[in-house]
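Let me begin by presenting the structure, written as C-alpha cells, before commenting on it.
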Amino acid sequence: LQDLMGFMGAVLIDGPKAVGKTATATQVARTVFRMEVDRAARAALETYHDQLFASPTPILFDEWQDTPDIWNLVRRAVDDHSDKGLYLLTGSSRPRDNARLHSGAGRIGRLRMRPMSLFESGHSTGAVSLAAILDGAEPSGSPATLSIPELIERIVVGGWPETIDLPERTARAWLSAYNRNVVEVDVPALGPCRNPGNLTRLLASLGRAVGTPLRRSGIAIEVGGQNGPIDDKTLTNYLDALDRLMLIEPLSAWQPHMRSRTRLRTTPVHHFVDPSIGVAALGVRTAELLADLEAAGFHFESLGLRDLRIYSQPLGASLSSWRDTQLNQEIDAILELPNGRWAGFEFKLGEAQAGPAAESLLNMASKVDKEQHGEPAALVVVTGGRFAYRRPDGVLVVPITSLGP
C-alpha cells in the first residue's frame, strides 16, 4: 500500500469482507468517511461534494461502492492535483454493472487483499522465498512445526484476521455466521432478492467441488434441491454475485503452445478465496477431514493456491491450471510472470505424494513448446511435510509451512 501511494494519486483496496481492508487503510489515512453508514457524508456527496475533498489527506472512502459516484470524483480530484497518495477507496464488492465509471488507469492504483497466508498468520516460517526459487535459489530452511492435524485445522479456521487465533469451535461459529450473512444480506443487496436456501446449498455444492472444474448441471440439481434444478441463468447470476463479492476465484485454464496435438481443458477450476468458506458450508471439522484424506487433499490444494496468490502478487504474476484431457493429466497451478517466465506447482498434503507429483510436473513440462515459452523457472511440489529440497530430477519439494514471499 505504501509503495502504491508513493506513485499513484489514489489507491483502491478491494477484497471480500473481513480481510482487513479498512484496518489497513486507516493506519495511513488522516480522514475517514464510512460511506456505508455515514449519512452526513452521503448527503454532502449529493449536495456539495467539494467539502469532502477539503478534508486532510490521505482521505479514505470506506465501502465506496455504496456511493459509486465517489469513483469519478476521486479520479477528477487526482487530475486536479500533482501530489500522490491523496485518496484511498476500500470495497468488499464490485459496483453494479450499470454504474457509469470512467477508467481510473494512471490515476487509481489497485491492491487486492485476501485472507492472511500461513506466513502472515505465523504458521509458516517463510524460509523458502517464492521469488528466490523462481530465480533459481535452492530451497532451504526449517518449516513451522505443524502436524498434519494442525495443518488441516488451518484449513478449517481459515486466514481471516478475526479467526486465526481462535479455537476451532469458535472459528467455525464465526464462519457459519459469515456464510449466513453472505446468503441473507450480501448477495441479495447486489440485486433482486435471491433465495437464501438456494444460496446456502450453492456454497455447500461449491465446497464439495473445490479444486475441480464446475459441473454446472450437477450443481444446478444440488442447489434446487427438492424443487428440481435451477435454470442456468439463475446459476450464472448466483455465481456472478459470489464473484462480485470476491469470495470465489476461478483458476482459468492455461493454453500454452504444445509440442504435440495435446487437447487441453478450457474450463476454469473452482476455488474459494479461502478454503474455510467451503469447509464451513459443508459443516465439517478437522476430525471429518482427517477421516477423508482425499477430500482433505482438495482443500489443501485450495489452501496452497490462496498462499501462492498472495506470495506471487508482488511479482505481478498470474495463475492458471493445466489439464491434458486426452490423458487425464493435470497440474494444479501454473504461475506466469510479466516477462513470460513460468513455473508449475502441485499441492500434495502427504510427503509420500511428492514423487508422483514431480513426475506429473516433468511430464507436463516436456510437452510445452520450449521455443515459445522457454524452460520452466521452477517445478515445485508444495507439501504438508517437513523437508525442503531439490530432487535429483530438478523438481523442488517445499513444505507449505516454510513457503513465503
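We label chains A, B, ... in the order they appear in the C-alpha cells, count residues from 1 in each chain, and number ligands from 1 in the order shown.
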> Could you pull the residues within 7 Å of region 358-365 of chain A, counting only C-alpha atoms, minus those fewer than 3 positions along the same chain, as a PyMOL selection string?
Replying inline: chain A and resi 331+344+354-355+368+379+381+395
Next, dump the selected residues to file, keeping only all heavy atoms, as an mmCIF file, in the first residue's frame.
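Written out: part_14.cif:
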data_model
loop_
_atom_site.group_PDB
_atom_site.id
_atom_site.type_symbol
_atom_site.label_atom_id
_atom_site.label_comp_id
_atom_site.auth_asym_id
_atom_site.auth_seq_id
_atom_site.Cartn_x
_atom_site.Cartn_y
_atom_site.Cartn_z
ATOM 1 N N ILE A 331 -2.157 -30.316 -13.778
ATOM 2 C CA ILE A 331 -1.237 -29.625 -12.890
ATOM 3 C C ILE A 331 -2.052 -28.567 -12.148
ATOM 4 O O ILE A 331 -2.818 -27.824 -12.750
ATOM 5 C CB ILE A 331 -0.084 -28.975 -13.678
ATOM 6 C CG1 ILE A 331 0.732 -30.046 -14.403
ATOM 7 C CG2 ILE A 331 0.809 -28.160 -12.746
ATOM 8 C CD1 ILE A 331 1.348 -31.097 -13.505
ATOM 9 N N GLY A 344 5.572 -24.358 -12.664
ATOM 10 C CA GLY A 344 4.462 -25.258 -12.369
ATOM 11 C C GLY A 344 4.458 -25.668 -10.908
ATOM 12 O O GLY A 344 5.518 -25.865 -10.309
ATOM 13 N N ALA A 354 4.967 -36.699 -3.079
ATOM 14 C CA ALA A 354 5.851 -35.787 -3.819
ATOM 15 C C ALA A 354 6.404 -36.439 -5.078
ATOM 16 O O ALA A 354 6.546 -35.777 -6.117
ATOM 17 C CB ALA A 354 7.000 -35.320 -2.921
ATOM 18 N N GLY A 355 6.720 -37.740 -5.036
ATOM 19 C CA GLY A 355 7.283 -38.426 -6.194
ATOM 20 C C GLY A 355 6.350 -38.428 -7.391
ATOM 21 O O GLY A 355 6.724 -37.955 -8.483
ATOM 22 N N VAL A 368 5.386 -28.872 -23.257
ATOM 23 C CA VAL A 368 5.294 -27.442 -23.580
ATOM 24 C C VAL A 368 6.357 -27.071 -24.598
ATOM 25 O O VAL A 368 7.510 -27.494 -24.510
ATOM 26 C CB VAL A 368 5.463 -26.597 -22.296
ATOM 27 C CG1 VAL A 368 5.482 -25.109 -22.625
ATOM 28 C CG2 VAL A 368 4.344 -26.904 -21.310
ATOM 29 N N LEU A 379 9.846 -26.054 -11.117
ATOM 30 C CA LEU A 379 8.764 -27.021 -10.955
ATOM 31 C C LEU A 379 8.746 -27.380 -9.480
ATOM 32 O O LEU A 379 9.763 -27.823 -8.931
ATOM 33 C CB LEU A 379 8.991 -28.259 -11.822
ATOM 34 C CG LEU A 379 9.060 -28.011 -13.333
ATOM 35 C CD1 LEU A 379 9.446 -29.291 -14.075
ATOM 36 C CD2 LEU A 379 7.721 -27.481 -13.859
ATOM 37 N N VAL A 381 6.705 -28.976 -5.940
ATOM 38 C CA VAL A 381 5.672 -29.714 -5.219
ATOM 39 C C VAL A 381 5.591 -29.119 -3.813
ATOM 40 O O VAL A 381 6.570 -29.159 -3.059
ATOM 41 C CB VAL A 381 5.977 -31.222 -5.130
ATOM 42 C CG1 VAL A 381 4.837 -31.940 -4.404
ATOM 43 C CG2 VAL A 381 6.192 -31.816 -6.512
ATOM 44 N N VAL A 395 13.125 -31.183 -9.649
ATOM 45 C CA VAL A 395 11.875 -30.695 -9.064
ATOM 46 C C VAL A 395 12.110 -30.325 -7.600
ATOM 47 O O VAL A 395 12.768 -31.062 -6.856
ATOM 48 C CB VAL A 395 10.763 -31.749 -9.180
ATOM 49 C CG1 VAL A 395 9.486 -31.274 -8.483
ATOM 50 C CG2 VAL A 395 10.472 -32.052 -10.655
#
Per residue of region 149-227 of chain A within 12 Å of region 244-247 of chain A, note the shortest atom pair and the distance in Å to one decimal, counting only C-alpha atoms, and order the rows by chain and increasing residue number, as CSV.
residue,atom,partner,partner_atom,distance
A:Tyr178,CA,A:Leu247,CA,11.4
A:Asn179,CA,A:Leu247,CA,10.3
A:Asn181,CA,A:Leu245,CA,12.0
A:Val182,CA,A:Leu245,CA,8.8
A:Val183,CA,A:Leu245,CA,11.2
A:Val185,CA,A:Leu245,CA,11.6
A:Asp186,CA,A:Leu245,CA,7.9
A:Val187,CA,A:Leu245,CA,7.9
A:Pro188,CA,A:Leu245,CA,11.3
A:Ala189,CA,A:Leu245,CA,10.6
A:Leu190,CA,A:Arg244,CA,8.6
A:Gly191,CA,A:Arg244,CA,11.4
A:Leu203,CA,A:Leu247,CA,10.3
A:Leu206,CA,A:Leu247,CA,11.3
> Nearest to Phe300 (chain A) among A:Ser276, A:Ser320, A:Thr325, A:Asn198, with distances taken over only C-alpha atoms: which residue is it?
Replying inline: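 Closest candidate: A:Ser276.
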> Please, which residues of region 43-76 of chain A, numbered as in this document, come out strand (DSSP E or B) from DSSP, as a list of chain:residue names?
Replying inline: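 DSSP on the backbone gives strand (DSSP E or B) at A:Ile59, A:Leu60, A:Phe61, A:Asp62.
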>> Need the shell around Gly159 (chain A): protein/DNA/RNA residues with any atom at most 6 Å away, counting only C-alpha atoms. Skip same-chain ones fewer than 3 positions apart. Format as a list of chain:residue names?
In response: A:Pro115, A:Met116, A:Ile164
> So which residues touch region 232-240 of chain A within 9 Å, counting only C-alpha atoms, skipping near sequence neighbours fewer than 5 positions away, as an MDAnalysis selection string?
Replying inline: chainID A and resid 187 194 199 202 216:217 219:220 223 245 248
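If you measure from each of A:Thr47, A:Asn195, A:Gln326, A:Thr200 to Ala177 (chain A) using only C-alpha atoms, the closest one turns out to be A:Thr200.
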> Between A:Thr26, A:Thr286, A:Gln353, A:Ser176, which one has atoms that come closest to Glu150 (chain A), using only C-alpha atoms?
Replying inline: A:Thr286
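Near Ala132 (chain A), within a cut-off of 12 Å and counting only C-alpha atoms, sit the residues Gly126, Ala127, Val128, Ser129, Leu130, Leu134, Asp135, Gly136, Ala137, Glu138, Pro139, Ser140, Tyr311, Ser312, Leu315, Ala377, Ala378, Leu403, Gly404 and Pro405 of chain A, with same-chain residues fewer than 2 positions away left out.
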Given the selection you just returned, output its residues as a file containing all heavy atoms, formatted as a tab-separated table (two decimals), in the first residue's frame.
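Output file part00.tsv is given in full below:
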chain	number	residue	atom	x	y	z
A	126	GLY	N	8.38	-18.93	6.28
A	126	GLY	CA	8.79	-18.12	5.13
A	126	GLY	C	10.23	-18.34	4.74
A	126	GLY	O	10.79	-17.54	3.99
A	127	ALA	N	10.84	-19.44	5.23
A	127	ALA	CA	12.27	-19.68	4.96
A	127	ALA	C	12.55	-19.90	3.48
A	127	ALA	O	13.64	-19.62	3.00
A	127	ALA	CB	12.75	-20.88	5.77
A	128	VAL	N	11.57	-20.42	2.74
A	128	VAL	CA	11.72	-20.64	1.30
A	128	VAL	C	10.97	-19.53	0.58
A	128	VAL	O	9.74	-19.49	0.56
A	128	VAL	CB	11.19	-22.02	0.87
A	128	VAL	CG1	11.34	-22.19	-0.64
A	128	VAL	CG2	11.93	-23.13	1.62
A	129	SER	N	11.70	-18.61	-0.02
A	129	SER	CA	11.10	-17.47	-0.71
A	129	SER	C	10.65	-17.88	-2.11
A	129	SER	O	11.44	-18.42	-2.89
A	129	SER	CB	12.11	-16.32	-0.80
A	129	SER	OG	11.75	-15.39	-1.79
A	130	LEU	N	9.39	-17.60	-2.43
A	130	LEU	CA	8.90	-17.87	-3.78
A	130	LEU	C	9.72	-17.11	-4.82
A	130	LEU	O	10.14	-17.68	-5.84
A	130	LEU	CB	7.43	-17.49	-3.89
A	130	LEU	CG	6.83	-17.57	-5.30
A	130	LEU	CD1	6.80	-19.02	-5.79
A	130	LEU	CD2	5.43	-16.97	-5.33
A	134	LEU	N	12.11	-18.93	-7.82
A	134	LEU	CA	11.85	-18.65	-9.23
A	134	LEU	C	13.10	-18.12	-9.93
A	134	LEU	O	13.22	-18.21	-11.15
A	134	LEU	CB	10.70	-17.65	-9.37
A	134	LEU	CG	9.32	-18.14	-8.95
A	134	LEU	CD1	8.30	-17.02	-9.05
A	134	LEU	CD2	8.88	-19.34	-9.79
A	135	ASP	N	14.03	-17.58	-9.13
A	135	ASP	CA	15.31	-17.11	-9.68
A	135	ASP	C	16.41	-18.16	-9.56
A	135	ASP	O	17.59	-17.85	-9.79
A	135	ASP	CB	15.74	-15.83	-8.96
A	135	ASP	CG	14.95	-14.61	-9.41
A	135	ASP	OD1	14.42	-14.65	-10.54
A	135	ASP	OD2	14.87	-13.63	-8.66
A	136	GLY	N	16.03	-19.39	-9.20
A	136	GLY	CA	16.99	-20.48	-9.19
A	136	GLY	C	17.60	-20.84	-7.86
A	136	GLY	O	18.48	-21.70	-7.79
A	137	ALA	N	17.18	-20.19	-6.76
A	137	ALA	CA	17.75	-20.48	-5.45
A	137	ALA	C	17.36	-21.88	-4.99
A	137	ALA	O	16.32	-22.41	-5.36
A	137	ALA	CB	17.29	-19.44	-4.43
A	138	GLU	N	18.21	-22.45	-4.15
A	138	GLU	CA	17.92	-23.75	-3.57
A	138	GLU	C	16.97	-23.59	-2.38
A	138	GLU	O	17.13	-22.66	-1.58
A	138	GLU	CB	19.22	-24.43	-3.09
A	138	GLU	CG	20.18	-24.78	-4.21
A	138	GLU	CD	19.59	-25.81	-5.17
A	138	GLU	OE1	18.93	-26.75	-4.69
A	138	GLU	OE2	19.77	-25.64	-6.38
A	139	PRO	N	15.98	-24.47	-2.25
A	139	PRO	CA	15.09	-24.37	-1.09
A	139	PRO	C	15.80	-24.86	0.16
A	139	PRO	O	16.42	-25.92	0.16
A	139	PRO	CB	13.93	-25.31	-1.47
A	139	PRO	CG	14.54	-26.31	-2.38
A	139	PRO	CD	15.62	-25.57	-3.15
A	140	SER	N	15.74	-24.08	1.21
A	140	SER	CA	16.40	-24.48	2.45
A	140	SER	C	15.72	-23.78	3.61
A	140	SER	O	14.95	-22.82	3.42
A	140	SER	CB	17.89	-24.12	2.43
A	140	SER	OG	18.06	-22.72	2.32
A	311	TYR	N	1.66	-14.69	-2.26
A	311	TYR	CA	3.10	-14.55	-2.40
A	311	TYR	C	3.50	-14.07	-3.79
A	311	TYR	O	4.52	-13.40	-3.95
A	311	TYR	CB	3.79	-15.89	-2.12
A	311	TYR	CG	3.52	-16.48	-0.76
A	311	TYR	CD1	3.53	-17.86	-0.56
A	311	TYR	CD2	3.23	-15.67	0.34
A	311	TYR	CE1	3.28	-18.41	0.69
A	311	TYR	CE2	2.97	-16.21	1.59
A	311	TYR	CZ	3.00	-17.59	1.76
A	311	TYR	OH	2.74	-18.14	3.00
A	312	SER	N	2.71	-14.42	-4.80
A	312	SER	CA	3.07	-14.04	-6.17
A	312	SER	C	2.54	-12.67	-6.56
A	312	SER	O	2.96	-12.11	-7.58
A	312	SER	CB	2.53	-15.08	-7.16
A	312	SER	OG	1.11	-15.13	-7.16
A	315	LEU	N	4.96	-9.93	-7.34
A	315	LEU	CA	5.72	-10.20	-8.56
A	315	LEU	C	4.92	-9.87	-9.81
A	315	LEU	O	5.45	-9.97	-10.92
A	315	LEU	CB	6.14	-11.67	-8.60
A	315	LEU	CG	6.91	-12.20	-7.38
A	315	LEU	CD1	7.19	-13.69	-7.53
A	315	LEU	CD2	8.20	-11.42	-7.18
A	377	ALA	N	10.87	-21.83	-15.02
A	377	ALA	CA	11.73	-21.23	-14.00
A	377	ALA	C	11.87	-22.16	-12.80
A	377	ALA	O	12.91	-22.17	-12.13
A	377	ALA	CB	11.17	-19.88	-13.56
A	378	ALA	N	10.82	-22.94	-12.53
A	378	ALA	CA	10.85	-23.90	-11.42
A	378	ALA	C	9.67	-24.84	-11.57
A	378	ALA	O	8.62	-24.47	-12.12
A	378	ALA	CB	10.79	-23.20	-10.07
A	403	LEU	N	7.05	-21.98	3.06
A	403	LEU	CA	6.92	-21.13	1.88
A	403	LEU	C	6.55	-19.72	2.28
A	403	LEU	O	5.77	-19.49	3.21
A	403	LEU	CB	5.86	-21.70	0.93
A	403	LEU	CG	5.76	-21.07	-0.47
A	403	LEU	CD1	7.07	-21.25	-1.23
A	403	LEU	CD2	4.60	-21.70	-1.24
A	404	GLY	N	7.11	-18.74	1.59
A	404	GLY	CA	6.81	-17.34	1.85
A	404	GLY	C	7.06	-16.50	0.61
A	404	GLY	O	7.45	-17.02	-0.45
A	405	PRO	N	6.86	-15.19	0.69
A	405	PRO	CA	7.03	-14.33	-0.48
A	405	PRO	C	8.46	-14.21	-0.95
A	405	PRO	O	8.72	-13.85	-2.07
A	405	PRO	CB	6.47	-12.98	-0.02
A	405	PRO	CG	6.60	-13.02	1.48
A	405	PRO	CD	6.41	-14.44	1.87
> region 117-123 of chain A: which residues within 10 Å, counting only C-alpha atoms, same-chain residues fewer than 2 positions away excluded, as a ChimeraX atom specification?
Replying inline: /A:114-115,125-127,143-146,150-151,154,158-161,164-165,274,303-311,400-405
> Pick from A:Ala77, A:Ala280, A:Ala296, A:Leu111: nearest to Met5 (chain A), with only C-alpha atoms counted?
Replying inline: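 Of A:Ala77, A:Ala280, A:Ala296, A:Leu111, the one nearest Met5 (chain A), counting only C-alpha atoms, is A:Leu111.
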>> Quick check, in Å to one decimal: how far apart do CA of Leu293 (chain A) and CA of Asp332 (chain A) lie?
In response: 17.4 Å
>> Using only C-alpha atoms for the distances, tell me which of A:Gly316, A:Pro275, A:Gly225, A:Pro167 is nearest to Arg208 (chain A).
In response: A:Pro275
